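Peer 1: Pasting run.cif below, which is mmCIF, C-alpha atoms.
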data_target
#
loop_
_atom_site.group_PDB
_atom_site.id
_atom_site.type_symbol
_atom_site.label_atom_id
_atom_site.label_comp_id
_atom_site.auth_asym_id
_atom_site.auth_seq_id
_atom_site.Cartn_x
_atom_site.Cartn_y
_atom_site.Cartn_z
ATOM 1 C CA MET A 1 54.525 -184.463 -47.157
ATOM 2 C CA LYS A 2 50.737 -184.268 -47.146
ATOM 3 C CA GLN A 3 50.781 -180.939 -45.324
ATOM 4 C CA GLN A 4 53.215 -179.465 -47.819
ATOM 5 C CA LYS A 5 51.081 -180.560 -50.774
ATOM 6 C CA LYS A 6 47.978 -179.209 -49.077
ATOM 7 C CA PHE A 7 49.757 -175.904 -48.429
ATOM 8 C CA GLU A 8 50.913 -175.695 -52.050
ATOM 9 C CA SER A 9 47.424 -176.406 -53.368
ATOM 10 C CA GLN A 10 45.934 -173.717 -51.103
ATOM 11 C CA GLU A 11 48.588 -171.260 -52.219
ATOM 12 C CA GLN A 12 47.862 -172.009 -55.868
ATOM 13 C CA GLN A 13 44.145 -171.582 -55.257
ATOM 14 C CA ARG A 14 44.698 -168.160 -53.637
ATOM 15 C CA ALA A 15 46.932 -167.094 -56.524
ATOM 16 C CA SER A 16 44.314 -168.110 -59.078
ATOM 17 C CA GLU A 17 41.581 -166.275 -57.127
ATOM 18 C CA THR A 18 43.728 -163.146 -57.005
ATOM 19 C CA GLN A 19 44.377 -163.333 -60.735
ATOM 20 C CA SER A 20 40.681 -163.779 -61.518
ATOM 21 C CA GLN A 21 39.778 -160.805 -59.301
ATOM 22 C CA GLN A 22 42.381 -158.657 -61.026
ATOM 23 C CA LYS A 23 41.046 -159.619 -64.440
ATOM 24 C CA THR A 24 37.488 -158.646 -63.563
ATOM 25 C CA SER A 25 38.387 -155.421 -61.773
ATOM 26 C CA SER A 26 40.927 -154.030 -64.229
ATOM 27 C CA ARG A 27 39.712 -151.577 -66.843
ATOM 28 C CA GLU A 28 41.459 -149.767 -69.624
ATOM 29 C CA PHE A 29 40.530 -146.268 -70.678
ATOM 30 C CA ALA A 30 41.283 -144.603 -73.985
ATOM 31 C CA SER A 31 41.874 -141.217 -72.393
ATOM 32 C CA VAL A 32 42.202 -139.486 -69.063
ATOM 33 C CA ASP A 33 38.854 -137.768 -69.628
ATOM 34 C CA GLU A 34 37.163 -141.144 -69.957
ATOM 35 C CA LEU A 35 38.768 -142.287 -66.710
ATOM 36 C CA LEU A 36 37.595 -139.166 -64.887
ATOM 37 C CA ARG A 37 34.051 -139.529 -66.197
ATOM 38 C CA TYR A 38 33.942 -143.159 -65.080
ATOM 39 C CA ASP A 39 35.276 -142.220 -61.653
ATOM 40 C CA ALA A 40 32.765 -139.383 -61.306
ATOM 41 C CA LYS A 41 29.902 -141.788 -62.022
ATOM 42 C CA GLN A 42 31.168 -144.219 -59.385
ATOM 43 C CA THR A 43 31.820 -141.627 -56.670
ATOM 44 C CA SER A 44 29.019 -140.006 -54.719
ATOM 45 C CA VAL A 45 29.559 -136.480 -53.444
ATOM 46 C CA PRO A 46 28.714 -135.943 -49.773
ATOM 47 C CA PRO A 47 25.782 -133.510 -49.342
ATOM 48 C CA ALA A 48 27.798 -131.032 -47.274
ATOM 49 C CA ILE A 49 30.413 -130.713 -50.001
ATOM 50 C CA ALA A 50 27.754 -130.372 -52.701
ATOM 51 C CA GLN A 51 26.153 -127.486 -50.774
ATOM 52 C CA ARG A 52 29.492 -125.744 -50.290
ATOM 53 C CA LEU A 53 30.303 -126.125 -53.971
ATOM 54 C CA GLY A 54 26.901 -124.716 -54.952
ATOM 55 C CA ARG A 55 27.392 -121.664 -52.715
ATOM 56 C CA SER A 56 30.890 -121.155 -54.054
ATOM 57 C CA LEU A 57 29.710 -121.244 -57.660
ATOM 58 C CA GLN A 58 26.958 -118.715 -56.968
ATOM 59 C CA ASN A 59 29.594 -116.157 -55.963
ATOM 60 C CA GLN A 60 31.560 -116.548 -59.208
ATOM 61 C CA PRO A 61 30.995 -113.975 -61.974
ATOM 62 C CA ARG A 62 29.287 -115.181 -65.112
ATOM 63 C CA PRO A 63 31.599 -115.879 -68.038
ATOM 64 C CA ALA A 64 31.777 -113.170 -70.689
ATOM 65 C CA ARG A 65 29.454 -113.633 -73.643
ATOM 66 C CA SER A 66 31.138 -114.868 -76.768
ATOM 67 C CA TRP A 67 31.759 -112.408 -79.591
ATOM 68 C CA TRP A 68 29.254 -114.018 -81.932
ATOM 69 C CA ARG A 69 26.470 -113.833 -79.352
ATOM 70 C CA ARG A 70 27.170 -110.155 -78.805
ATOM 71 C CA TRP A 71 26.900 -109.513 -82.544
ATOM 72 C CA PHE A 72 23.774 -111.632 -83.139
ATOM 73 C CA ARG A 73 21.719 -110.806 -80.061
#
Kindly present the structure from the file in structure tokens form.

Peer 2:
Amino acid sequence: MKQQKKFESQEQQRASETQSQQKTSSREFASVDELLRYDAKQTSVPPAIAQRLGRSLQNQPRPARSWWRRWFR
């Protein structure tokens, strides 16, 4: 009997700890963009990937100037 009560109390304690962890770690975002911005702030980019991305972007052509900039140089 004592062992069963002890087991039940330990199980309840684990369940309450799990619930409290879920409450503190869960977040709600208003939009997908907000979620992506939050994730980008939390994630560090490895240096090798950052260098490859920089080289890749250097090879891309510049975007065309907008019509209003062409008119009002």

Peer 1: Between CA of Glu28 in chain A and CA of Lys41 in chain A, what is the distance in Å, rounded to a tenth?

Peer 2: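 Separation of CA of Glu28 in chain A and CA of Lys41 in chain A: 16.0 Å.
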
Peer 1: By how many Å are CA of Leu36 in chain A and CA of Arg52 in chain A apart?

Peer 2: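 Calculated distance between CA of Leu36 in chain A and CA of Arg52 in chain A is 21.4 Å.
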
Peer 1: Which of these, A:Arg27, A:Leu53, A:Ala64, A:Gln58, has the shortest distance to Asp39 in chain A once you count only C-alpha atoms?

Peer 2: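 Closest to Asp39 in chain A of all the choices is A:Arg27.
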
Peer 1: In Å, with one decimal, what is the gap from CA of Arg55 in chain A to CA of Arg69 in chain A?

Peer 2: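 Taking CA of Arg55 in chain A as the start and CA of Arg69 in chain A as the end point, the length is 27.8 Å.
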
Peer 1: Put the listed atoms of range 56-63 of chain A in a box along x, y and z with 6 Å added on every side and give me the centre and edge lengths in Å to one decimal, as JSON.

Peer 2:
{"center_x": 29.3, "center_y": -117.6, "center_z": -61.0, "size_x": 16.6, "size_y": 19.3, "size_z": 26.0}
